Amino acid sequence: MLLSLRPLTIAAVFSLGTLLHAADNPFIGRWALTIPGGAAGWLGVESKDGALSSSVLWGGGSVVPTASTKVEGDTLIVTREQKNKEGKLAAIETITAKAEGEVLKLTTSKKNAEGKEIGKAQEFAGKRIADVPPAPDLSKVKYGAPIQLLNGKDLTGWRLLKEGVDNGWSVVDGILRNRVVKAKDKHFGNLRTDAEFEDFNLKTEVRTQEGSNSGIYLRGIYEVQVMESFGQPLDSHHMGALYSRITPSVAAEKPIGEWQTLDITLVDRHLTVILNGKTIIDNAPVLGCTGGAMTSDEFKPGPIYLQGDHTNVDYRNMVLTPVVK
């Protein structure tokens, strides 16, 4: 009998690597981190052709490759290089980790370009992330009753993610607007729903302004990028992307100032994004949190939150339909 060979998905490749190497290297896999200060982080460790490599997410920003990855005895040693605006080496961070079952105990320390210690070493923790399940059959997903997240009148059902920041959000003529003032003493906030959700479909309309850089965080963990990127090359930081993780398959943006539709489905850690009627992410596995996540724990409900600390943006007609399991 002939066996049918099909291409492996990204998640399947990662899972296969975990199975093949976990027995002799307990660090292979993906780890949810709670970094010093409490922010969400992520570490992915791979082995290819006998060589180790890793990528890391450190609070905000993107998932980036590390400078080196090695194991000495029972310790994983990862180094990150930090560069200044001129591209010159500013600091080297060394992260060491020991595995205790499904838990990592980590320490981070920094030295400047001259090798002098910067601050004190800090301890933090990580937890192995379970393998992403097979892609769901979206035609069989059952949904509950739709929930209108925007009432078109005020911010009822929403609040700032953090207290003590400036609020640029308001509802004007049925539109949820964020207006940011660039000033040294101004620090504008992100907006979250009071309610929390698990898996769902989310439909909304968005209108970018000049230089818009916002995002829709699903369960407060995964950011679908909202950005003024019309006419630019495909990139994992552009409109509709899963920020720094999944690049859209096709550019579907509209020009600045036009209303655009987003149809987002999150089921079993798989993401589908339809932008302006075109599927740009198709039931793709999500391998971890994105920069700015409220937590690195992918297995609990969370809010929808809208990034508002960067620039101006408009939203309207936001409807969430929860998955019933």
# chains A, B, ... in the order shown; residues from 1 in each chain; ligands from 1
call {"tool": "residues_around", "arguments": {"residues": "A:Ala40", "least_positions_apart": "4", "cutoff": "12 Å", "atoms": "only C-alpha atoms", "output": "mmCIF file with N, CA and C atoms, in the first residue's frame"}}
result
data_model
loop_
_atom_site.group_PDB
_atom_site.id
_atom_site.type_symbol
_atom_site.label_atom_id
_atom_site.label_comp_id
_atom_site.auth_asym_id
_atom_site.auth_seq_id
_atom_site.Cartn_x
_atom_site.Cartn_y
_atom_site.Cartn_z
ATOM 1 N N TRP A 31 8.128 28.044 24.651
ATOM 2 C CA TRP A 31 7.964 28.327 26.074
ATOM 3 C C TRP A 31 7.279 29.674 26.270
ATOM 4 N N ALA A 32 6.252 29.689 27.111
ATOM 5 C CA ALA A 32 5.588 30.936 27.512
ATOM 6 C C ALA A 32 6.357 31.507 28.694
ATOM 7 N N LEU A 33 6.828 32.731 28.562
ATOM 8 C CA LEU A 33 7.654 33.347 29.592
ATOM 9 C C LEU A 33 6.885 34.440 30.328
ATOM 10 N N THR A 34 7.183 34.586 31.600
ATOM 11 C CA THR A 34 6.796 35.771 32.358
ATOM 12 C C THR A 34 8.095 36.457 32.729
ATOM 13 N N ILE A 35 8.433 37.496 31.972
ATOM 14 C CA ILE A 35 9.758 38.098 32.071
ATOM 15 C C ILE A 35 9.836 39.046 33.265
ATOM 16 N N PRO A 36 11.051 39.451 33.662
ATOM 17 C CA PRO A 36 11.172 40.371 34.800
ATOM 18 C C PRO A 36 10.277 41.595 34.622
ATOM 19 N N VAL A 56 13.116 34.827 20.295
ATOM 20 C CA VAL A 56 12.581 35.297 21.563
ATOM 21 C C VAL A 56 11.684 36.510 21.341
ATOM 22 N N LEU A 57 10.665 36.616 22.178
ATOM 23 C CA LEU A 57 9.829 37.812 22.272
ATOM 24 C C LEU A 57 9.993 38.326 23.688
ATOM 25 N N TRP A 58 10.341 39.605 23.796
ATOM 26 C CA TRP A 58 10.657 40.165 25.116
ATOM 27 C C TRP A 58 9.726 41.332 25.399
ATOM 28 N N GLY A 59 8.524 41.022 25.890
ATOM 29 C CA GLY A 59 7.570 42.081 26.200
ATOM 30 C C GLY A 59 6.940 42.646 24.941
ATOM 31 N N GLY A 60 7.367 43.833 24.516
ATOM 32 C CA GLY A 60 6.856 44.449 23.308
ATOM 33 C C GLY A 60 7.680 44.086 22.093
ATOM 34 N N GLY A 61 7.284 44.652 20.951
ATOM 35 C CA GLY A 61 8.066 44.452 19.736
ATOM 36 C C GLY A 61 7.803 43.117 19.066
ATOM 37 N N PHE A 124 13.429 34.737 36.372
ATOM 38 C CA PHE A 124 12.052 34.707 35.881
ATOM 39 C C PHE A 124 11.710 33.266 35.500
ATOM 40 N N ALA A 125 10.508 33.069 34.956
ATOM 41 C CA ALA A 125 10.023 31.710 34.773
ATOM 42 C C ALA A 125 9.408 31.501 33.391
ATOM 43 N N GLY A 126 9.343 30.241 32.997
ATOM 44 C CA GLY A 126 8.714 29.871 31.737
ATOM 45 C C GLY A 126 7.980 28.556 31.879
ATOM 46 N N LYS A 127 7.032 28.322 30.980
ATOM 47 C CA LYS A 127 6.258 27.089 30.991
ATOM 48 C C LYS A 127 6.111 26.578 29.569
ATOM 49 N N GLY A 220 -6.522 39.419 24.240
ATOM 50 C CA GLY A 220 -5.449 40.177 24.866
ATOM 51 C C GLY A 220 -4.083 39.562 24.647
ATOM 52 N N ILE A 221 -3.978 38.603 23.717
ATOM 53 C CA ILE A 221 -2.747 37.831 23.544
ATOM 54 C C ILE A 221 -2.146 37.973 22.152
ATOM 55 N N TYR A 222 -3.006 37.889 21.118
ATOM 56 C CA TYR A 222 -2.537 37.863 19.735
ATOM 57 C C TYR A 222 -2.952 39.149 19.016
ATOM 58 N N GLY A 288 2.471 31.362 19.414
ATOM 59 C CA GLY A 288 2.747 32.030 20.678
ATOM 60 C C GLY A 288 2.171 33.427 20.694
ATOM 61 N N CYS A 289 2.301 34.082 21.842
ATOM 62 C CA CYS A 289 1.785 35.446 22.004
ATOM 63 C C CYS A 289 2.560 36.419 21.127
ATOM 64 N N THR A 290 2.028 37.615 20.972
ATOM 65 C CA THR A 290 2.705 38.664 20.214
ATOM 66 C C THR A 290 3.095 39.805 21.160
ATOM 67 N N GLY A 291 3.934 40.705 20.669
ATOM 68 C CA GLY A 291 4.396 41.818 21.482
ATOM 69 C C GLY A 291 3.241 42.642 22.035
ATOM 70 N N GLY A 292 3.323 42.995 23.317
ATOM 71 C CA GLY A 292 2.263 43.767 23.944
ATOM 72 C C GLY A 292 1.158 42.924 24.538
ATOM 73 N N ALA A 293 1.299 41.596 24.500
ATOM 74 C CA ALA A 293 0.278 40.711 25.058
ATOM 75 C C ALA A 293 0.106 40.954 26.554
ATOM 76 N N MET A 294 -1.108 40.795 27.023
ATOM 77 C CA MET A 294 -1.385 40.946 28.444
ATOM 78 C C MET A 294 -0.785 39.799 29.250
ATOM 79 N N THR A 295 -0.675 38.645 28.610
ATOM 80 C CA THR A 295 -0.129 37.460 29.260
ATOM 81 C C THR A 295 0.428 36.537 28.186
ATOM 82 N N SER A 296 1.313 35.645 28.578
ATOM 83 C CA SER A 296 1.815 34.635 27.642
ATOM 84 C C SER A 296 1.018 33.341 27.748
ATOM 85 N N ASP A 297 0.027 33.300 28.637
ATOM 86 C CA ASP A 297 -0.815 32.123 28.822
ATOM 87 C C ASP A 297 -1.890 32.094 27.737
ATOM 88 N N GLU A 298 -1.755 31.162 26.798
ATOM 89 C CA GLU A 298 -2.670 31.090 25.664
ATOM 90 C C GLU A 298 -3.916 30.259 25.943
#
call {"tool": "residues_around", "arguments": {"residues": "stretch 178-188 of chain A", "least_positions_apart": "2", "cutoff": "12 Å", "atoms": "only C-alpha atoms", "output": "PDB file with N, CA and C atoms, in the first residue's frame"}}
result
ATOM      1  N   LEU A 155     -18.626  54.615  25.459  1.00  0.00           N
ATOM      2  CA  LEU A 155     -17.646  53.550  25.698  1.00  0.00           C
ATOM      3  C   LEU A 155     -18.151  52.500  26.693  1.00  0.00           C
ATOM      4  N   LEU A 160     -10.011  51.538  29.779  1.00  0.00           N
ATOM      5  CA  LEU A 160      -8.582  51.571  29.482  1.00  0.00           C
ATOM      6  C   LEU A 160      -7.902  50.347  30.085  1.00  0.00           C
ATOM      7  N   LEU A 161      -6.931  49.834  29.360  1.00  0.00           N
ATOM      8  CA  LEU A 161      -6.213  48.650  29.813  1.00  0.00           C
ATOM      9  C   LEU A 161      -5.465  48.925  31.109  1.00  0.00           C
ATOM     10  N   LYS A 162      -4.916  50.135  31.240  1.00  0.00           N
ATOM     11  CA  LYS A 162      -4.192  50.527  32.445  1.00  0.00           C
ATOM     12  C   LYS A 162      -4.734  51.855  32.946  1.00  0.00           C
ATOM     13  N   GLU A 163      -4.744  52.014  34.247  1.00  0.00           N
ATOM     14  CA  GLU A 163      -5.179  53.271  34.837  1.00  0.00           C
ATOM     15  C   GLU A 163      -4.039  54.289  34.817  1.00  0.00           C
ATOM     16  N   GLY A 164      -4.420  55.571  34.890  1.00  0.00           N
ATOM     17  CA  GLY A 164      -3.413  56.614  35.006  1.00  0.00           C
ATOM     18  C   GLY A 164      -2.803  57.081  33.703  1.00  0.00           C
ATOM     19  N   VAL A 165      -3.362  56.657  32.552  1.00  0.00           N
ATOM     20  CA  VAL A 165      -2.854  57.111  31.262  1.00  0.00           C
ATOM     21  C   VAL A 165      -3.879  58.025  30.608  1.00  0.00           C
ATOM     22  N   ASP A 166      -3.455  58.720  29.566  1.00  0.00           N
ATOM     23  CA  ASP A 166      -4.364  59.603  28.842  1.00  0.00           C
ATOM     24  C   ASP A 166      -5.310  58.778  27.975  1.00  0.00           C
ATOM     25  N   ASN A 167      -6.545  59.236  27.880  1.00  0.00           N
ATOM     26  CA  ASN A 167      -7.557  58.533  27.103  1.00  0.00           C
ATOM     27  C   ASN A 167      -7.835  59.288  25.813  1.00  0.00           C
ATOM     28  N   GLY A 168      -7.456  58.699  24.685  1.00  0.00           N
ATOM     29  CA  GLY A 168      -7.722  59.309  23.387  1.00  0.00           C
ATOM     30  C   GLY A 168      -8.959  58.761  22.708  1.00  0.00           C
ATOM     31  N   TRP A 169      -9.675  57.844  23.409  1.00  0.00           N
ATOM     32  CA  TRP A 169     -10.814  57.155  22.805  1.00  0.00           C
ATOM     33  C   TRP A 169     -12.121  57.892  23.088  1.00  0.00           C
ATOM     34  N   SER A 170     -12.954  57.994  22.054  1.00  0.00           N
ATOM     35  CA  SER A 170     -14.288  58.569  22.211  1.00  0.00           C
ATOM     36  C   SER A 170     -15.163  58.061  21.071  1.00  0.00           C
ATOM     37  N   VAL A 171     -16.467  58.220  21.231  1.00  0.00           N
ATOM     38  CA  VAL A 171     -17.406  57.841  20.181  1.00  0.00           C
ATOM     39  C   VAL A 171     -18.003  59.106  19.600  1.00  0.00           C
ATOM     40  N   VAL A 172     -17.820  59.307  18.302  1.00  0.00           N
ATOM     41  CA  VAL A 172     -18.316  60.498  17.606  1.00  0.00           C
ATOM     42  C   VAL A 172     -19.069  60.051  16.361  1.00  0.00           C
ATOM     43  N   ILE A 175     -18.869  56.421  15.565  1.00  0.00           N
ATOM     44  CA  ILE A 175     -17.545  55.882  15.268  1.00  0.00           C
ATOM     45  C   ILE A 175     -16.675  55.920  16.520  1.00  0.00           C
ATOM     46  N   LEU A 176     -16.014  54.809  16.821  1.00  0.00           N
ATOM     47  CA  LEU A 176     -15.034  54.770  17.906  1.00  0.00           C
ATOM     48  C   LEU A 176     -13.724  55.330  17.365  1.00  0.00           C
ATOM     49  N   ASN A 190      -4.348  51.963  25.737  1.00  0.00           N
ATOM     50  CA  ASN A 190      -5.056  50.964  24.963  1.00  0.00           C
ATOM     51  C   ASN A 190      -6.442  50.752  25.580  1.00  0.00           C
ATOM     52  N   LEU A 191      -7.379  50.293  24.777  1.00  0.00           N
ATOM     53  CA  LEU A 191      -8.765  50.135  25.201  1.00  0.00           C
ATOM     54  C   LEU A 191      -9.156  48.660  25.141  1.00  0.00           C
ATOM     55  N   VAL A 206     -12.528  49.224   9.939  1.00  0.00           N
ATOM     56  CA  VAL A 206     -11.478  50.100  10.457  1.00  0.00           C
ATOM     57  C   VAL A 206     -11.114  51.120   9.380  1.00  0.00           C
ATOM     58  N   ARG A 207     -10.763  52.312   9.823  1.00  0.00           N
ATOM     59  CA  ARG A 207     -10.324  53.360   8.898  1.00  0.00           C
ATOM     60  C   ARG A 207      -9.009  53.922   9.418  1.00  0.00           C
ATOM     61  N   THR A 208      -7.965  53.759   8.640  1.00  0.00           N
ATOM     62  CA  THR A 208      -6.663  54.266   9.051  1.00  0.00           C
ATOM     63  C   THR A 208      -6.563  55.755   8.757  1.00  0.00           C
ATOM     64  N   GLN A 209      -5.734  56.404   9.546  1.00  0.00           N
ATOM     65  CA  GLN A 209      -5.394  57.805   9.349  1.00  0.00           C
ATOM     66  C   GLN A 209      -3.938  57.875   8.883  1.00  0.00           C
ATOM     67  N   GLU A 210      -3.436  59.055   8.676  1.00  0.00           N
ATOM     68  CA  GLU A 210      -2.050  59.181   8.239  1.00  0.00           C
ATOM     69  C   GLU A 210      -1.115  58.556   9.270  1.00  0.00           C
ATOM     70  N   GLY A 211      -0.323  57.584   8.830  1.00  0.00           N
ATOM     71  CA  GLY A 211       0.646  56.941   9.709  1.00  0.00           C
ATOM     72  C   GLY A 211       0.052  56.026  10.758  1.00  0.00           C
ATOM     73  N   SER A 212      -1.209  55.609  10.593  1.00  0.00           N
ATOM     74  CA  SER A 212      -1.864  54.783  11.606  1.00  0.00           C
ATOM     75  C   SER A 212      -1.056  53.529  11.932  1.00  0.00           C
ATOM     76  N   ASN A 213      -0.955  53.244  13.218  1.00  0.00           N
ATOM     77  CA  ASN A 213      -0.311  52.025  13.719  1.00  0.00           C
ATOM     78  C   ASN A 213      -1.085  51.603  14.952  1.00  0.00           C
ATOM     79  N   SER A 214      -2.022  50.679  14.754  1.00  0.00           N
ATOM     80  CA  SER A 214      -2.863  50.184  15.827  1.00  0.00           C
ATOM     81  C   SER A 214      -2.884  48.667  15.734  1.00  0.00           C
ATOM     82  N   GLY A 215      -3.809  48.046  16.430  1.00  0.00           N
ATOM     83  CA  GLY A 215      -3.914  46.601  16.378  1.00  0.00           C
ATOM     84  C   GLY A 215      -5.094  46.124  17.184  1.00  0.00           C
ATOM     85  N   LEU A 306      -7.770  47.101  21.915  1.00  0.00           N
ATOM     86  CA  LEU A 306      -7.382  47.906  20.763  1.00  0.00           C
ATOM     87  C   LEU A 306      -6.188  48.769  21.132  1.00  0.00           C
ATOM     88  N   GLN A 307      -5.151  48.674  20.335  1.00  0.00           N
ATOM     89  CA  GLN A 307      -3.943  49.454  20.614  1.00  0.00           C
ATOM     90  C   GLN A 307      -4.208  50.923  20.318  1.00  0.00           C
ATOM     91  N   GLY A 308      -3.959  51.755  21.334  1.00  0.00           N
ATOM     92  CA  GLY A 308      -4.235  53.178  21.168  1.00  0.00           C
ATOM     93  C   GLY A 308      -3.100  54.072  21.591  1.00  0.00           C
ATOM     94  N   ASP A 309      -1.954  53.469  21.925  1.00  0.00           N
ATOM     95  CA  ASP A 309      -0.849  54.272  22.468  1.00  0.00           C
ATOM     96  C   ASP A 309       0.048  54.867  21.395  1.00  0.00           C
ATOM     97  N   HIS A 310      -0.213  54.546  20.120  1.00  0.00           N
ATOM     98  CA  HIS A 310       0.670  55.011  19.049  1.00  0.00           C
ATOM     99  C   HIS A 310       0.093  56.182  18.249  1.00  0.00           C
ATOM    100  N   THR A 311      -1.040  55.924  17.556  1.00  0.00           N
ATOM    101  CA  THR A 311      -1.523  56.887  16.555  1.00  0.00           C
ATOM    102  C   THR A 311      -3.049  56.900  16.483  1.00  0.00           C
ATOM    103  N   ASN A 312      -3.559  57.754  15.602  1.00  0.00           N
ATOM    104  CA  ASN A 312      -4.994  57.890  15.388  1.00  0.00           C
ATOM    105  C   ASN A 312      -5.535  56.735  14.541  1.00  0.00           C
ATOM    106  N   VAL A 313      -6.778  56.322  14.840  1.00  0.00           N
ATOM    107  CA  VAL A 313      -7.440  55.256  14.089  1.00  0.00           C
ATOM    108  C   VAL A 313      -8.922  55.283  14.407  1.00  0.00           C
ATOM    109  N   ASP A 314      -9.763  54.754  13.500  1.00  0.00           N
ATOM    110  CA  ASP A 314     -11.210  54.701  13.698  1.00  0.00           C
ATOM    111  C   ASP A 314     -11.710  53.264  13.560  1.00  0.00           C
ATOM    112  N   TYR A 315     -12.722  52.903  14.380  1.00  0.00           N
ATOM    113  CA  TYR A 315     -13.383  51.607  14.282  1.00  0.00           C
ATOM    114  C   TYR A 315     -14.895  51.800  14.303  1.00  0.00           C
ATOM    115  N   ARG A 316     -15.624  50.862  13.681  1.00  0.00           N
ATOM    116  CA  ARG A 316     -17.075  50.857  13.779  1.00  0.00           C
ATOM    117  C   ARG A 316     -17.594  49.439  13.498  1.00  0.00           C
TER     118      ARG A 316
END
call {"tool": "residues_around", "arguments": {"residues": "stretch 118-120 of chain A", "least_positions_apart": "4", "cutoff": "12 Å", "atoms": "only C-alpha atoms", "output": "ChimeraX atom specification"}}
result
/A:36,90-94,107-114
call {"tool": "closest_residue", "arguments": {"among": "A:Arg30, A:Ile77, A:Gly174, A:Pro136", "to": "A:Gly152", "atoms": "only C-alpha atoms"}}
result
A:Gly174
call {"tool": "closest_residue", "arguments": {"among": "A:Gly41, A:Gly277, A:Gly189, A:Gly115", "to": "A:Tyr305", "atoms": "only C-alpha atoms"}}
result
A:Gly189
call {"tool": "atom_distance", "arguments": {"atom1": "atom CA of A:Ala251", "atom2": "atom CA of A:Ile216"}}
result
18.3 Å
call {"tool": "closest_residue", "arguments": {"among": "A:Ile147, A:Ala241, A:Val141, A:Leu106", "to": "A:Asn317", "atoms": "only C-alpha atoms"}}
result
A:Ile147
call {"tool": "closest_residue", "arguments": {"among": "A:Ser139, A:Asn25, A:Gln122, A:Asn276", "to": "A:Leu76", "atoms": "only C-alpha atoms"}}
result
A:Asn25
call {"tool": "select_by_dssp", "arguments": {"residues": "stretch 6-200 of chain A", "states": "helix (DSSP H, G or I)", "output": "JSON, numbers by chain"}}
result
{"A": [10, 11, 12, 13, 14, 15, 16, 17, 18, 19, 20, 21, 138, 139, 140]}
call {"tool": "write_last_selection", "arguments": {"atoms": "N, CA, C and O atoms", "output": "PDB file, in the first residue's frame"}}
result
ATOM      1  N   ILE A  10       3.527  24.400   9.613  1.00  0.00           N
ATOM      2  CA  ILE A  10       4.519  24.969  10.530  1.00  0.00           C
ATOM      3  C   ILE A  10       4.387  24.322  11.897  1.00  0.00           C
ATOM      4  O   ILE A  10       5.367  23.925  12.525  1.00  0.00           O
ATOM      5  N   ALA A  11       3.150  24.182  12.379  1.00  0.00           N
ATOM      6  CA  ALA A  11       2.936  23.592  13.695  1.00  0.00           C
ATOM      7  C   ALA A  11       3.392  22.143  13.720  1.00  0.00           C
ATOM      8  O   ALA A  11       3.973  21.674  14.695  1.00  0.00           O
ATOM      9  N   ALA A  12       3.115  21.398  12.627  1.00  0.00           N
ATOM     10  CA  ALA A  12       3.501  19.991  12.587  1.00  0.00           C
ATOM     11  C   ALA A  12       5.005  19.834  12.602  1.00  0.00           C
ATOM     12  O   ALA A  12       5.545  18.930  13.231  1.00  0.00           O
ATOM     13  N   VAL A  13       5.705  20.710  11.888  1.00  0.00           N
ATOM     14  CA  VAL A  13       7.164  20.660  11.887  1.00  0.00           C
ATOM     15  C   VAL A  13       7.699  20.883  13.294  1.00  0.00           C
ATOM     16  O   VAL A  13       8.589  20.180  13.777  1.00  0.00           O
ATOM     17  N   PHE A  14       7.155  21.902  13.978  1.00  0.00           N
ATOM     18  CA  PHE A  14       7.587  22.185  15.349  1.00  0.00           C
ATOM     19  C   PHE A  14       7.293  21.007  16.264  1.00  0.00           C
ATOM     20  O   PHE A  14       8.107  20.610  17.086  1.00  0.00           O
ATOM     21  N   SER A  15       6.097  20.395  16.104  1.00  0.00           N
ATOM     22  CA  SER A  15       5.721  19.262  16.940  1.00  0.00           C
ATOM     23  C   SER A  15       6.620  18.065  16.672  1.00  0.00           C
ATOM     24  O   SER A  15       7.042  17.369  17.594  1.00  0.00           O
ATOM     25  N   LEU A  16       6.942  17.811  15.400  1.00  0.00           N
ATOM     26  CA  LEU A  16       7.816  16.707  15.053  1.00  0.00           C
ATOM     27  C   LEU A  16       9.193  16.918  15.646  1.00  0.00           C
ATOM     28  O   LEU A  16       9.806  15.996  16.200  1.00  0.00           O
ATOM     29  N   GLY A  17       9.671  18.161  15.561  1.00  0.00           N
ATOM     30  CA  GLY A  17      10.979  18.459  16.147  1.00  0.00           C
ATOM     31  C   GLY A  17      10.984  18.223  17.646  1.00  0.00           C
ATOM     32  O   GLY A  17      11.943  17.693  18.212  1.00  0.00           O
ATOM     33  N   THR A  18       9.876  18.586  18.286  1.00  0.00           N
ATOM     34  CA  THR A  18       9.768  18.371  19.730  1.00  0.00           C
ATOM     35  C   THR A  18       9.834  16.885  20.065  1.00  0.00           C
ATOM     36  O   THR A  18      10.544  16.461  20.972  1.00  0.00           O
ATOM     37  N   LEU A  19       9.111  16.084  19.296  1.00  0.00           N
ATOM     38  CA  LEU A  19       9.095  14.650  19.552  1.00  0.00           C
ATOM     39  C   LEU A  19      10.459  14.014  19.346  1.00  0.00           C
ATOM     40  O   LEU A  19      10.890  13.150  20.103  1.00  0.00           O
ATOM     41  N   LEU A  20      11.163  14.437  18.304  1.00  0.00           N
ATOM     42  CA  LEU A  20      12.437  13.823  17.957  1.00  0.00           C
ATOM     43  C   LEU A  20      13.544  14.192  18.919  1.00  0.00           C
ATOM     44  O   LEU A  20      14.470  13.418  19.149  1.00  0.00           O
ATOM     45  N   HIS A  21      13.480  15.386  19.496  1.00  0.00           N
ATOM     46  CA  HIS A  21      14.616  15.881  20.255  1.00  0.00           C
ATOM     47  C   HIS A  21      14.358  16.029  21.760  1.00  0.00           C
ATOM     48  O   HIS A  21      15.302  16.183  22.528  1.00  0.00           O
ATOM     49  N   LEU A 138     -13.368  24.493   9.900  1.00  0.00           N
ATOM     50  CA  LEU A 138     -14.172  25.666  10.245  1.00  0.00           C
ATOM     51  C   LEU A 138     -15.625  25.525   9.815  1.00  0.00           C
ATOM     52  O   LEU A 138     -16.509  26.210  10.356  1.00  0.00           O
ATOM     53  N   SER A 139     -15.883  24.627   8.861  1.00  0.00           N
ATOM     54  CA  SER A 139     -17.270  24.445   8.425  1.00  0.00           C
ATOM     55  C   SER A 139     -18.110  23.746   9.492  1.00  0.00           C
ATOM     56  O   SER A 139     -19.340  23.761   9.428  1.00  0.00           O
ATOM     57  N   LYS A 140     -17.443  23.126  10.468  1.00  0.00           N
ATOM     58  CA  LYS A 140     -18.152  22.398  11.510  1.00  0.00           C
ATOM     59  C   LYS A 140     -18.188  23.144  12.849  1.00  0.00           C
ATOM     60  O   LYS A 140     -18.720  22.634  13.833  1.00  0.00           O
TER      61      LYS A 140
END
call {"tool": "atom_distance", "arguments": {"atom1": "atom CA of A:Pro26", "atom2": "atom CA of A:Gln82"}}
result
27.2 Å
